[in-house]
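Trainee: Here you go, data_5.cif (mmCIF, C-alpha atoms):
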data_work
#
loop_
_atom_site.label_atom_id
_atom_site.label_comp_id
_atom_site.auth_asym_id
_atom_site.auth_seq_id
_atom_site.Cartn_x
_atom_site.Cartn_y
_atom_site.Cartn_z
CA MET A 1 -85.84 -1.76 41.74
CA LEU A 2 -87.05 -5.33 41.12
CA GLU A 3 -88.87 -5.45 44.45
CA ASN A 4 -90.65 -2.18 43.61
CA ILE A 5 -91.73 -3.60 40.25
CA LYS A 6 -93.00 -6.81 41.88
CA GLY A 7 -94.83 -4.66 44.41
CA LYS A 8 -96.60 -2.87 41.53
CA GLU A 9 -95.14 0.51 42.39
CA PRO A 10 -94.56 3.03 39.57
CA VAL A 11 -90.83 3.12 38.84
CA TYR A 12 -88.32 4.81 36.56
CA TYR A 13 -85.26 2.93 35.32
CA GLN A 14 -82.52 4.84 33.54
CA ASN A 15 -81.02 2.37 31.11
CA LYS A 16 -77.47 1.52 32.20
CA LYS A 17 -76.89 -0.60 29.10
CA LEU A 18 -77.41 2.25 26.63
CA THR A 19 -74.73 2.28 23.92
CA ARG A 20 -72.00 4.89 24.38
CA ASP A 21 -71.15 4.89 20.70
CA LEU A 22 -74.45 5.32 18.87
CA SER A 23 -73.08 5.62 15.34
CA THR A 24 -70.90 2.50 15.60
CA TYR A 25 -73.74 0.49 17.12
CA LEU A 26 -76.26 1.51 14.45
CA ASN A 27 -73.75 0.71 11.71
CA SER A 28 -73.27 -2.78 13.15
CA LEU A 29 -76.93 -3.74 12.77
CA PRO A 30 -78.39 -5.75 9.88
CA ILE A 31 -81.22 -3.21 9.51
CA THR A 32 -79.94 0.08 8.11
CA PHE A 33 -80.92 3.67 7.45
CA ARG A 34 -81.25 2.70 3.79
CA ASP A 35 -84.01 0.27 4.82
CA ILE A 36 -85.94 3.14 6.42
CA ILE A 37 -85.62 5.21 3.24
CA GLU A 38 -86.79 2.26 1.12
CA ALA A 39 -89.80 1.82 3.41
CA GLU A 40 -90.79 5.46 2.85
CA LYS A 41 -90.42 5.01 -0.93
CA ARG A 42 -92.71 2.00 -0.82
CA MET A 43 -95.39 3.95 1.04
CA ILE A 44 -95.21 6.68 -1.60
CA ARG A 45 -95.46 4.04 -4.33
CA TRP A 46 -98.76 2.82 -2.86
CA SER A 47 -100.17 6.28 -2.08
CA GLY A 48 -102.36 6.38 -5.20
CA ILE A 49 -104.12 3.14 -4.25
CA ILE A 50 -104.46 4.21 -0.61
CA LYS A 51 -105.96 7.54 -1.71
CA TYR A 52 -108.47 5.68 -3.90
CA LEU A 53 -109.41 3.20 -1.14
CA PHE A 54 -109.41 5.78 1.65
CA PRO A 55 -110.14 9.22 0.15
CA GLU A 56 -110.12 10.76 3.62
CA THR A 57 -106.31 10.53 3.48
CA LYS A 58 -106.41 13.12 0.64
CA ASP A 59 -102.91 12.35 -0.68
CA GLY A 60 -102.71 8.67 0.27
CA ILE A 61 -100.06 9.42 2.91
CA ILE A 62 -101.17 8.37 6.38
CA GLU A 63 -99.60 10.83 8.83
CA SER A 64 -100.61 12.52 12.08
CA PRO A 65 -100.42 16.12 13.39
CA LEU A 66 -97.74 17.36 15.79
CA ILE A 67 -99.10 20.12 18.03
CA LYS A 68 -97.84 22.27 20.89
CA ALA A 69 -99.67 21.40 24.11
CA ASN A 70 -99.57 24.75 25.92
CA ASN A 71 -102.70 24.21 28.00
CA LEU A 72 -101.74 20.71 29.11
CA GLN A 73 -98.28 21.96 30.04
CA LYS A 74 -99.74 24.77 32.14
CA LEU A 75 -101.95 22.29 34.00
CA LEU A 76 -99.47 19.48 34.62
CA TYR A 77 -96.02 21.00 34.30
CA PRO A 78 -96.18 24.77 34.94
CA ASN A 79 -92.55 24.83 36.09
CA MET A 80 -90.99 22.68 33.37
CA VAL A 81 -88.13 24.23 31.41
CA GLY A 82 -88.76 22.67 28.00
CA ASN A 83 -91.77 22.78 25.67
CA LEU A 84 -94.49 20.13 25.53
CA TYR A 85 -95.85 18.67 22.28
CA LEU A 86 -98.30 15.95 21.27
CA LYS A 87 -97.67 13.61 18.34
CA LEU A 88 -101.22 12.53 17.56
CA ASP A 89 -100.90 9.02 16.20
CA SER A 90 -104.20 8.60 18.03
CA HIS A 91 -105.63 10.39 15.00
CA LEU A 92 -103.96 8.48 12.18
CA LEU A 93 -106.60 7.83 9.55
CA VAL A 94 -107.79 4.38 8.39
CA ALA A 95 -106.95 2.61 11.68
CA GLY A 96 -107.02 5.37 14.32
CA SER A 97 -103.80 4.36 16.03
CA ILE A 98 -100.02 4.15 15.76
CA LYS A 99 -100.47 0.65 14.30
CA ALA A 100 -101.52 2.27 11.03
CA ARG A 101 -97.81 2.87 10.46
CA GLY A 102 -96.36 -0.61 10.85
CA GLY A 103 -99.45 -2.72 10.20
CA ILE A 104 -100.43 -1.10 6.93
CA TYR A 105 -96.81 -1.03 5.77
CA GLU A 106 -96.32 -4.78 6.21
CA VAL A 107 -99.56 -5.50 4.34
CA LEU A 108 -98.18 -3.43 1.45
CA VAL A 109 -94.86 -5.32 1.53
CA ILE A 110 -96.57 -8.71 1.31
CA ALA A 111 -99.07 -7.53 -1.31
CA GLU A 112 -96.25 -6.12 -3.45
CA LYS A 113 -94.33 -9.41 -3.40
CA ILE A 114 -97.42 -11.36 -4.48
CA LEU A 115 -98.35 -8.90 -7.23
CA LYS A 116 -94.82 -8.84 -8.63
CA LYS A 117 -94.80 -12.63 -8.70
CA HIS A 118 -97.98 -12.56 -10.78
CA LYS A 119 -96.73 -9.57 -12.84
CA ILE A 120 -99.67 -7.38 -11.86
CA LEU A 121 -99.22 -3.61 -12.03
CA ILE A 122 -99.49 -1.70 -8.74
CA ASP A 123 -101.77 1.14 -9.79
CA GLU A 124 -105.14 2.46 -8.63
CA ASN A 125 -106.52 1.96 -12.13
CA ASN A 126 -105.70 -1.74 -11.86
CA LEU A 127 -107.42 -2.31 -8.51
CA GLU A 128 -109.87 -4.92 -9.83
CA ASN A 129 -107.03 -7.18 -10.97
CA ILE A 130 -105.12 -6.53 -7.73
CA ARG A 131 -108.08 -7.61 -5.64
CA LEU A 132 -108.72 -10.66 -7.78
CA CYS A 133 -105.12 -11.80 -7.38
CA LEU A 134 -104.93 -11.14 -3.64
CA SER A 135 -108.25 -12.89 -2.98
CA ASP A 136 -106.37 -16.21 -3.24
CA TYR A 137 -104.30 -15.25 -0.19
CA THR A 138 -105.01 -14.80 3.51
CA MET A 139 -103.53 -12.17 5.82
CA SER A 140 -103.48 -13.17 9.48
CA VAL A 141 -102.39 -11.44 12.69
CA ALA A 142 -102.76 -11.68 16.46
CA SER A 143 -103.71 -8.53 18.33
CA THR A 144 -105.04 -6.91 21.47
CA GLY A 145 -106.96 -4.60 19.14
CA ASN A 146 -105.22 -1.80 17.27
CA LEU A 147 -102.74 -3.81 15.20
CA GLY A 148 -105.63 -6.03 14.18
CA LEU A 149 -107.59 -2.98 13.05
CA SER A 150 -104.80 -1.65 10.84
CA ILE A 151 -103.92 -4.99 9.23
CA GLY A 152 -107.48 -6.26 8.98
CA ILE A 153 -108.92 -3.10 7.41
CA MET A 154 -106.12 -2.64 4.86
CA SER A 155 -105.98 -6.34 3.98
CA ALA A 156 -109.72 -6.56 3.38
CA ALA A 157 -109.67 -3.36 1.31
CA LEU A 158 -106.99 -4.82 -0.98
CA GLY A 159 -108.87 -8.09 -1.47
CA PHE A 160 -107.12 -10.42 0.96
CA LYS A 161 -109.07 -12.78 3.16
CA ALA A 162 -108.28 -11.17 6.52
CA ILE A 163 -108.17 -13.01 9.87
CA VAL A 164 -107.46 -11.39 13.25
CA HIS A 165 -106.80 -13.53 16.32
CA MET A 166 -107.93 -11.44 19.28
CA SER A 167 -106.66 -11.86 22.85
CA ASN A 168 -109.00 -11.99 25.83
CA ASP A 169 -108.52 -8.31 26.66
CA ALA A 170 -109.50 -6.97 23.22
CA LYS A 171 -112.37 -4.51 23.29
CA GLU A 172 -115.75 -5.53 21.82
CA TRP A 173 -116.06 -2.36 19.73
CA LYS A 174 -112.77 -3.18 18.00
CA LYS A 175 -114.01 -6.67 17.16
CA LYS A 176 -117.23 -5.20 15.77
CA ARG A 177 -115.39 -2.63 13.67
CA LEU A 178 -113.29 -5.40 12.13
CA ARG A 179 -116.28 -7.58 11.36
CA ASP A 180 -118.08 -4.61 9.81
CA LYS A 181 -115.09 -4.26 7.43
CA GLY A 182 -115.35 -7.90 6.34
CA VAL A 183 -112.60 -9.25 8.59
CA ILE A 184 -112.84 -12.66 10.28
CA VAL A 185 -112.30 -12.30 14.05
CA ILE A 186 -111.23 -15.35 16.05
CA GLU A 187 -111.53 -14.82 19.80
CA HIS A 188 -109.18 -16.53 22.27
CA LYS A 189 -109.49 -16.97 26.01
CA GLY A 190 -105.76 -16.39 26.51
CA ASP A 191 -103.62 -13.24 26.41
CA PHE A 192 -101.74 -11.74 23.46
CA THR A 193 -98.91 -14.29 23.63
CA TYR A 194 -101.45 -17.14 23.49
CA ALA A 195 -103.39 -15.57 20.60
CA ALA A 196 -100.14 -15.12 18.66
CA LYS A 197 -99.20 -18.76 19.23
CA LYS A 198 -102.56 -19.95 17.90
CA GLY A 199 -102.38 -17.58 14.95
CA ARG A 200 -98.96 -18.89 13.93
CA GLU A 201 -100.13 -22.48 14.22
CA GLN A 202 -103.15 -21.89 12.00
CA ALA A 203 -101.13 -19.99 9.41
CA MET A 204 -98.66 -22.86 9.08
CA LEU A 205 -101.45 -25.07 7.73
CA ASP A 206 -101.84 -22.99 4.55
CA SER A 207 -98.96 -21.84 2.32
CA ASN A 208 -101.10 -18.97 1.01
CA THR A 209 -101.57 -17.54 4.51
CA HIS A 210 -99.23 -14.80 5.67
CA PHE A 211 -99.04 -14.39 9.45
CA ILE A 212 -97.84 -10.93 10.49
CA ASP A 213 -95.86 -11.52 13.66
CA ASP A 214 -95.91 -8.51 15.98
CA GLU A 215 -93.26 -10.14 18.16
CA ASN A 216 -90.66 -10.65 15.43
CA SER A 217 -91.49 -8.53 12.38
CA LYS A 218 -88.80 -6.47 10.67
CA GLU A 219 -91.39 -4.95 8.31
CA LEU A 220 -93.65 -3.70 11.11
CA PHE A 221 -90.58 -2.22 12.75
CA LEU A 222 -89.55 -0.37 9.58
CA GLY A 223 -93.06 0.97 9.05
CA TYR A 224 -92.88 2.66 12.45
CA SER A 225 -89.35 3.94 11.83
CA VAL A 226 -90.46 6.04 8.84
CA SER A 227 -92.07 8.47 11.31
CA ALA A 228 -88.62 9.95 11.95
CA LEU A 229 -88.29 10.97 8.29
CA ARG A 230 -91.84 12.35 8.20
CA ILE A 231 -91.55 14.52 11.28
CA LYS A 232 -88.75 16.71 9.91
CA LYS A 233 -91.21 18.85 7.94
CA GLN A 234 -93.41 19.28 10.99
CA PHE A 235 -90.37 20.33 13.03
CA ASN A 236 -89.59 23.04 10.48
CA GLU A 237 -93.15 24.34 10.61
CA LEU A 238 -93.09 24.51 14.43
CA GLY A 239 -89.57 25.89 14.74
CA ILE A 240 -88.21 22.79 16.45
CA ASN A 241 -84.44 22.58 16.09
CA PRO A 242 -83.05 19.63 18.05
CA SER A 243 -79.51 19.98 19.40
CA LYS A 244 -77.46 18.64 22.30
CA GLU A 245 -78.40 21.78 24.23
CA ASN A 246 -82.11 21.47 23.27
CA PRO A 247 -82.73 17.75 22.75
CA LEU A 248 -85.83 15.81 21.82
CA HIS A 249 -87.48 13.74 24.54
CA LEU A 250 -89.95 11.10 23.27
CA TYR A 251 -92.42 9.41 25.63
CA LEU A 252 -93.60 6.19 23.99
CA PRO A 253 -96.23 3.68 25.22
CA CYS A 254 -94.88 0.14 24.94
CA GLY A 255 -96.65 -3.20 24.49
CA VAL A 256 -94.66 -5.92 22.73
CA GLY A 257 -92.24 -3.18 21.68
CA GLY A 258 -92.53 -2.99 17.89
CA SER A 259 -93.99 0.50 17.53
CA PRO A 260 -91.91 2.36 20.16
CA GLY A 261 -88.89 0.32 19.08
CA GLY A 262 -89.29 1.24 15.43
CA ILE A 263 -89.81 4.91 16.28
CA THR A 264 -86.73 4.90 18.51
CA PHE A 265 -84.67 3.18 15.79
CA GLY A 266 -85.76 5.76 13.22
CA PHE A 267 -85.18 8.76 15.47
CA LYS A 268 -81.75 7.56 16.58
CA HIS A 269 -80.76 7.31 12.91
CA VAL A 270 -82.20 10.68 11.89
CA PHE A 271 -81.51 12.77 15.01
CA GLY A 272 -78.60 10.90 16.58
CA GLU A 273 -77.48 11.97 20.06
CA THR A 274 -80.04 14.80 20.15
CA VAL A 275 -82.95 12.44 20.91
CA LYS A 276 -83.78 10.59 24.11
CA CYS A 277 -86.49 7.90 24.05
CA TYR A 278 -88.45 6.62 27.04
CA PHE A 279 -90.80 3.61 27.07
CA VAL A 280 -93.81 3.46 29.38
CA GLU A 281 -95.71 0.35 30.48
CA PRO A 282 -98.51 -0.42 32.96
CA ILE A 283 -97.42 -1.56 36.44
CA ASN A 284 -99.06 -4.94 35.70
CA CYS A 285 -97.30 -5.46 32.34
CA PRO A 286 -93.72 -4.14 32.56
CA SER A 287 -92.38 -6.76 30.16
CA MET A 288 -89.84 -4.66 28.21
CA LEU A 289 -88.57 -3.07 31.42
CA LEU A 290 -88.11 -6.49 33.02
CA GLY A 291 -86.47 -7.88 29.88
CA VAL A 292 -83.82 -5.15 29.84
CA LEU A 293 -83.40 -4.92 33.62
CA THR A 294 -82.84 -8.66 34.09
CA GLY A 295 -80.94 -9.21 30.85
CA LYS A 296 -83.42 -11.90 29.81
CA LEU A 297 -84.78 -9.61 27.07
CA GLY A 298 -87.50 -11.43 25.06
CA ASP A 299 -87.30 -14.53 27.25
CA VAL A 300 -88.85 -12.81 30.25
CA ASN A 301 -92.50 -13.17 31.29
CA VAL A 302 -94.17 -10.93 33.86
CA SER A 303 -95.84 -13.96 35.47
CA ASP A 304 -92.37 -15.14 36.54
CA PHE A 305 -92.38 -12.18 38.95
CA GLY A 306 -95.92 -12.66 40.27
CA ILE A 307 -97.31 -9.90 38.03
CA THR A 308 -100.73 -10.51 36.49
CA ASN A 309 -100.56 -8.86 33.02
CA LYS A 310 -104.07 -7.50 33.69
CA THR A 311 -104.66 -3.88 32.73
CA SER A 312 -107.26 -1.51 31.34
CA LEU A 313 -104.57 -0.30 28.92
CA ASP A 314 -105.38 -3.11 26.50
CA GLY A 315 -102.84 -2.14 23.84
CA LEU A 316 -100.06 -2.52 26.40
CA ALA A 317 -101.20 -5.84 27.90
CA VAL A 318 -98.20 -7.93 26.87
CA ALA A 319 -96.52 -10.48 29.16
CA SER A 320 -93.31 -10.92 27.12
CA PRO A 321 -91.53 -8.37 24.91
CA SER A 322 -90.44 -8.95 21.34
CA ASN A 323 -87.40 -11.19 20.93
CA PHE A 324 -86.47 -9.06 17.93
CA VAL A 325 -86.93 -5.61 19.49
CA ALA A 326 -85.78 -6.12 23.11
CA PRO A 327 -82.05 -6.64 22.28
CA LEU A 328 -82.09 -3.46 20.17
CA MET A 329 -83.77 -1.39 22.85
CA GLU A 330 -81.29 -2.63 25.45
CA LYS A 331 -78.80 -0.43 23.58
CA LEU A 332 -81.06 2.33 22.21
CA CYS A 333 -83.81 3.14 24.75
CA ASP A 334 -82.77 5.80 27.28
CA GLY A 335 -85.16 4.77 30.04
CA PHE A 336 -88.32 2.95 31.12
CA TYR A 337 -91.12 3.93 33.49
CA THR A 338 -94.40 2.41 34.64
CA VAL A 339 -97.84 3.86 35.36
CA LYS A 340 -101.03 2.99 37.22
CA ASP A 341 -104.21 2.39 35.23
CA ASN A 342 -106.29 4.91 37.21
CA ASP A 343 -103.83 7.69 36.48
CA MET A 344 -104.36 7.14 32.75
CA PHE A 345 -108.10 7.76 33.07
CA ILE A 346 -107.36 10.98 34.95
CA GLN A 347 -105.06 12.04 32.12
CA ILE A 348 -107.69 11.19 29.50
CA LYS A 349 -109.89 13.75 31.24
CA GLN A 350 -107.07 16.29 31.59
CA LEU A 351 -106.15 16.06 27.91
CA LYS A 352 -109.75 16.50 26.80
CA ASP A 353 -110.29 19.43 29.16
CA THR A 354 -107.11 21.27 28.16
CA GLU A 355 -106.59 20.46 24.48
CA GLY A 356 -109.97 19.03 23.40
CA ILE A 357 -108.35 15.76 22.28
CA LYS A 358 -109.90 12.31 22.70
CA ILE A 359 -107.62 9.31 23.27
CA GLU A 360 -107.87 5.82 24.77
CA PRO A 361 -106.23 4.76 28.08
CA SER A 362 -103.06 3.17 26.68
CA ALA A 363 -102.45 6.31 24.60
CA ALA A 364 -102.36 8.44 27.75
CA ALA A 365 -99.37 6.58 29.17
CA GLY A 366 -96.85 9.04 27.76
CA ILE A 367 -98.45 12.07 29.44
CA SER A 368 -96.78 11.49 32.81
CA GLY A 369 -93.38 10.97 31.21
CA VAL A 370 -91.85 14.38 31.87
CA LYS A 371 -92.26 14.01 35.63
CA ALA A 372 -91.70 10.24 35.81
CA THR A 373 -88.33 10.49 34.05
CA LYS A 374 -87.27 13.50 36.14
CA ASN A 375 -87.07 15.72 33.05
CA LEU A 376 -88.89 18.78 34.40
CA SER A 377 -85.65 20.77 34.32
CA SER A 378 -84.53 19.40 30.95
CA LYS A 379 -84.42 21.90 28.11
CA GLY A 380 -85.63 21.17 24.61
CA TYR A 381 -88.73 19.52 23.21
CA HIS A 382 -90.82 16.95 25.04
CA ILE A 383 -93.07 14.91 22.72
CA ILE A 384 -95.88 12.78 24.13
CA TRP A 385 -96.75 10.13 21.54
CA THR A 386 -100.49 9.46 21.79
CA THR A 387 -101.05 6.09 20.19
CA GLY A 388 -104.79 5.48 19.75
CA GLY A 389 -108.31 6.72 20.25
CA LEU A 390 -109.78 8.23 17.08
CA PHE A 391 -112.43 5.55 16.58
CA VAL A 392 -113.42 4.92 20.21
CA PRO A 393 -117.25 5.07 20.23
CA ASP A 394 -118.57 8.16 22.00
CA GLU A 395 -120.53 6.23 24.63
CA ILE A 396 -117.42 4.24 25.60
CA TYR A 397 -115.24 7.34 25.65
CA ASP A 398 -117.79 9.14 27.83
CA ARG A 399 -117.57 6.33 30.39
CA MET A 400 -113.76 6.56 30.42
CA TYR A 401 -113.92 10.34 30.82
CA PHE A 402 -116.43 9.98 33.68
CA ARG A 403 -114.14 7.46 35.39
CA GLY A 404 -111.31 9.99 35.14
CA ALA A 405 -113.51 12.76 36.51
CA THR A 406 -114.56 10.59 39.46
CA LEU A 407 -110.96 9.71 40.24
CA CYS A 408 -110.03 13.41 40.13
CA GLN A 409 -112.65 14.19 42.75
CA LYS A 410 -111.26 11.50 45.06
CA LYS A 411 -107.73 12.89 44.94
#
Taking this structure as input, can you express it in the form of structure tokens?

Mentor:
Amino acid sequence: MLENIKGKEPVYYQNKKLTRDLSTYLNSLPITFRDIIEAEKRMIRWSGIIKYLFPETKDGIIESPLIKANNLQKLLYPNMVGNLYLKLDSHLLVAGSIKARGGIYEVLVIAEKILKKHKILIDENNLENIRLCLSDYTMSVASTGNLGLSIGIMSAALGFKAIVHMSNDAKEWKKKRLRDKGVIVIEHKGDFTYAAKKGREQAMLDSNTHFIDDENSKELFLGYSVSALRIKKQFNELGINPSKENPLHLYLPCGVGGSPGGITFGFKHVFGETVKCYFVEPINCPSMLLGVLTGKLGDVNVSDFGITNKTSLDGLAVASPSNFVAPLMEKLCDGFYTVKDNDMFIQIKQLKDTEGIKIEPSAAAGISGVKATKNLSSKGYHIIWTTGGLFVPDEIYDRMYFRGATLCQKK
């Protein structure tokens, strides 16, 4: 397996370290189901302000559609036994990616602590005083793009001074969108790990600066985990009834691990043994896979194995997984698989042609999951979690689609 990974071959690794006693393991952790419920309550508490700041959310609850992907299933998996669905976090409002869950949630946690300290009421009618108070504080984060968008946009809207440290693979349009929202963008020549290091160092110089650490954040993690509570209503509407005979299969793109880790944590609590979670990474950035496979967890770096960490799937370009998330996923994630960049551009085209949905390359990584994990004959519900793409400029998307179309012709 390790030689295949080093040779940049797509692989599937069924996790041999998965816990055999899920309930006991979850109960042994310092983060609990009660924490997930409290996170959902906090989001509801802030919904009035979010609705005022972002009226497109309608009710102030930022959530994405879950749809049945009949046409995509017919094209890619005509012989599969289960049913294929898309969870469109690519279309989450405000930030246009899965990072709207964790990123926005942690901003709210920090803002709430500050406002309570100053005894300022959290209410949309008190927004002027909220912004005045928060203007004395800085929110900082390191990002390849999407996490920066969610934290930067929400922070600036609430009145924080917002700083995003961008890695060398961040897209120019994402930097521009941040700057247009009043966010300070600091560009680094290094990768995500380097940008995070520099962001932490700068934040330590000012006690009023809060650095949101994607590699170690409990709050980001909990923000993602709330998705498991939210999806129950959508399941009812679609007639999805998970069971051991008809389980859930989640295919989750993985960068540093916070978002797929939080989702997995939430789903394992809510749906127990009826859910199986699979992480997908680019062949050039299989950091979580290597961490679990070697037992080094967050201490692994892909460069140690001669792997470059260079990929077009910018949201997944992470050389080392989260020290916080990797040990949890060693026990909770059912399997890991890797994909080639070119195949993601083909699947961008296939998704647009079949379902009329626009996503970015990293968000397409889950599409090949059913075949990669050898689940074609598995009953139940297969959910591809598309993680970003709503705000990709049309001219950039058109180039990605054309690349996919060209690659299809060559096959």

Trainee: Need the shell around Pro286 in chain A: protein/DNA/RNA residues with any atom at most 8 Å away, counting only C-alpha atoms. Skip same-chain ones fewer than 6 positions apart. Format as a ChimeraX atom specification?

Mentor: /A:5,302,319,338

Trainee: Suppose a student applies the PyMOL selection byres ((chain A and resi 217-222) around 7) to this structure; what residues should they get, written as number ranges by chain?

Mentor: A: 36, 39, 102-103, 105-106, 213-216, 223-226, 258-259, 262

Trainee: Restricted to C-alpha atoms, what would the selected residues look like written as a short mmCIF file (atom, residue, chain, number, x, y, z; two decimals), in the coordinates of the input?

Mentor:
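The resulting file, out_27.cif, is reproduced below:
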data_model
loop_
_atom_site.label_atom_id
_atom_site.label_comp_id
_atom_site.auth_asym_id
_atom_site.auth_seq_id
_atom_site.Cartn_x
_atom_site.Cartn_y
_atom_site.Cartn_z
CA ILE A 36 -85.94 3.14 6.42
CA ALA A 39 -89.80 1.82 3.41
CA GLY A 102 -96.36 -0.61 10.85
CA GLY A 103 -99.45 -2.72 10.20
CA TYR A 105 -96.81 -1.03 5.77
CA GLU A 106 -96.32 -4.78 6.21
CA ASP A 213 -95.86 -11.52 13.66
CA ASP A 214 -95.91 -8.51 15.98
CA GLU A 215 -93.26 -10.14 18.16
CA ASN A 216 -90.66 -10.65 15.43
CA GLY A 223 -93.06 0.97 9.05
CA TYR A 224 -92.88 2.66 12.45
CA SER A 225 -89.35 3.94 11.83
CA VAL A 226 -90.46 6.04 8.84
CA GLY A 258 -92.53 -2.99 17.89
CA SER A 259 -93.99 0.50 17.53
CA GLY A 262 -89.29 1.24 15.43
#

Trainee: CA of Pro260 in chain A to CA of Pro321 in chain A: how many Å, to one decimal?

Mentor: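 CA of Pro260 in chain A sits 11.7 Å away from CA of Pro321 in chain A.
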
Trainee: Set the distance at 7 Å and use all atoms listed in the file: which residues neighbour Val339 in chain A once local chain neighbours fewer than 3 positions away are removed? I'd like the list as an MDAnalysis selection string.

Mentor: chainID A and resid 10 281:283 365

Trainee: With the file shown as input, list the residues that the PyMOL selection byres ((chain A and resi 20-29) around 9) selects, as a list in words.

Mentor: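 Residues picked by the PyMOL selection byres ((chain A and resi 20-29) around 9): Lys17, Leu18, Thr19, Pro30, Ile31, Thr32, Phe33, Phe265, Lys268, His269, Gly272, Glu273, Lys331 and Leu332 of chain A.
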
Trainee: Any idea what's packed within 10 Å of Thr144 in chain A, counting only C-alpha atoms, ignoring anything in its chain fewer than 5 positions away? Could you give it as a ChimeraX atom specification?

Mentor: /A:149,164-171,174-175,191-193,195-196,255,313-318

Trainee: Do you know which residues are at most 10 Å from Lys276 in chain A counting all atoms listed in the file, after dropping those on the same chain fewer than 5 positions away, and could you put them as a ChimeraX atom specification?

Mentor: /A:247-251,264,267-268,271,332-335,382

Trainee: For Ala326 in chain A, which residue out of A:Pro361, A:Gly356, A:Gly60, A:Gly257 is the nearest one, using all atoms listed in the file?

Mentor: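 Distance minimum relative to Ala326 in chain A lands on A:Gly257.
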
Trainee: So that I can check the surroundings of Met139 in chain A, please list as a ChimeraX atom specification every protein, DNA and RNA residue that reaches within 6 Å of it, counting only C-alpha atoms and ignoring chain neighbours fewer than 2 positions away.

Mentor: /A:162,209-210

Trainee: Restricting the calculation to only C-alpha atoms: of A:Asn309, A:Asn246, A:Ser368, A:Thr294, which residue gets closest to Val81 in chain A?

Mentor: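 Distance minimum relative to Val81 in chain A lands on A:Asn246.
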
Trainee: Do you have the CA of Tyr194 in chain A-CA of Leu178 in chain A distance handy?

Mentor: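 Distance between the two atoms: 20.2 Å.
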
Trainee: Kindly write C-alpha atoms of range 73-90 of chain A from the structure just given to a file, as a PDB file, in the first residue's frame.

Mentor:
ATOM      1  CA  GLN A  73     -25.973   7.554 -11.076  1.00  0.00           C
ATOM      2  CA  LYS A  74     -27.175   6.377 -14.483  1.00  0.00           C
ATOM      3  CA  LEU A  75     -24.027   7.749 -16.130  1.00  0.00           C
ATOM      4  CA  LEU A  76     -21.391   6.575 -13.658  1.00  0.00           C
ATOM      5  CA  TYR A  77     -22.938   3.732 -11.699  1.00  0.00           C
ATOM      6  CA  PRO A  78     -25.773   2.137 -13.714  1.00  0.00           C
ATOM      7  CA  ASN A  79     -25.300  -1.187 -11.926  1.00  0.00           C
ATOM      8  CA  MET A  80     -24.982   0.045  -8.348  1.00  0.00           C
ATOM      9  CA  VAL A  81     -27.410  -1.405  -5.819  1.00  0.00           C
ATOM     10  CA  GLY A  82     -27.906   1.619  -3.575  1.00  0.00           C
ATOM     11  CA  ASN A  83     -29.165   5.140  -4.289  1.00  0.00           C
ATOM     12  CA  LEU A  84     -26.933   8.124  -5.015  1.00  0.00           C
ATOM     13  CA  TYR A  85     -27.406  11.556  -3.404  1.00  0.00           C
ATOM     14  CA  LEU A  86     -25.580  14.888  -3.391  1.00  0.00           C
ATOM     15  CA  LYS A  87     -25.190  16.994  -0.253  1.00  0.00           C
ATOM     16  CA  LEU A  88     -24.614  20.407  -1.792  1.00  0.00           C
ATOM     17  CA  ASP A  89     -22.383  22.226   0.661  1.00  0.00           C
ATOM     18  CA  SER A  90     -20.965  23.681  -2.548  1.00  0.00           C
TER      19      SER A  90
END
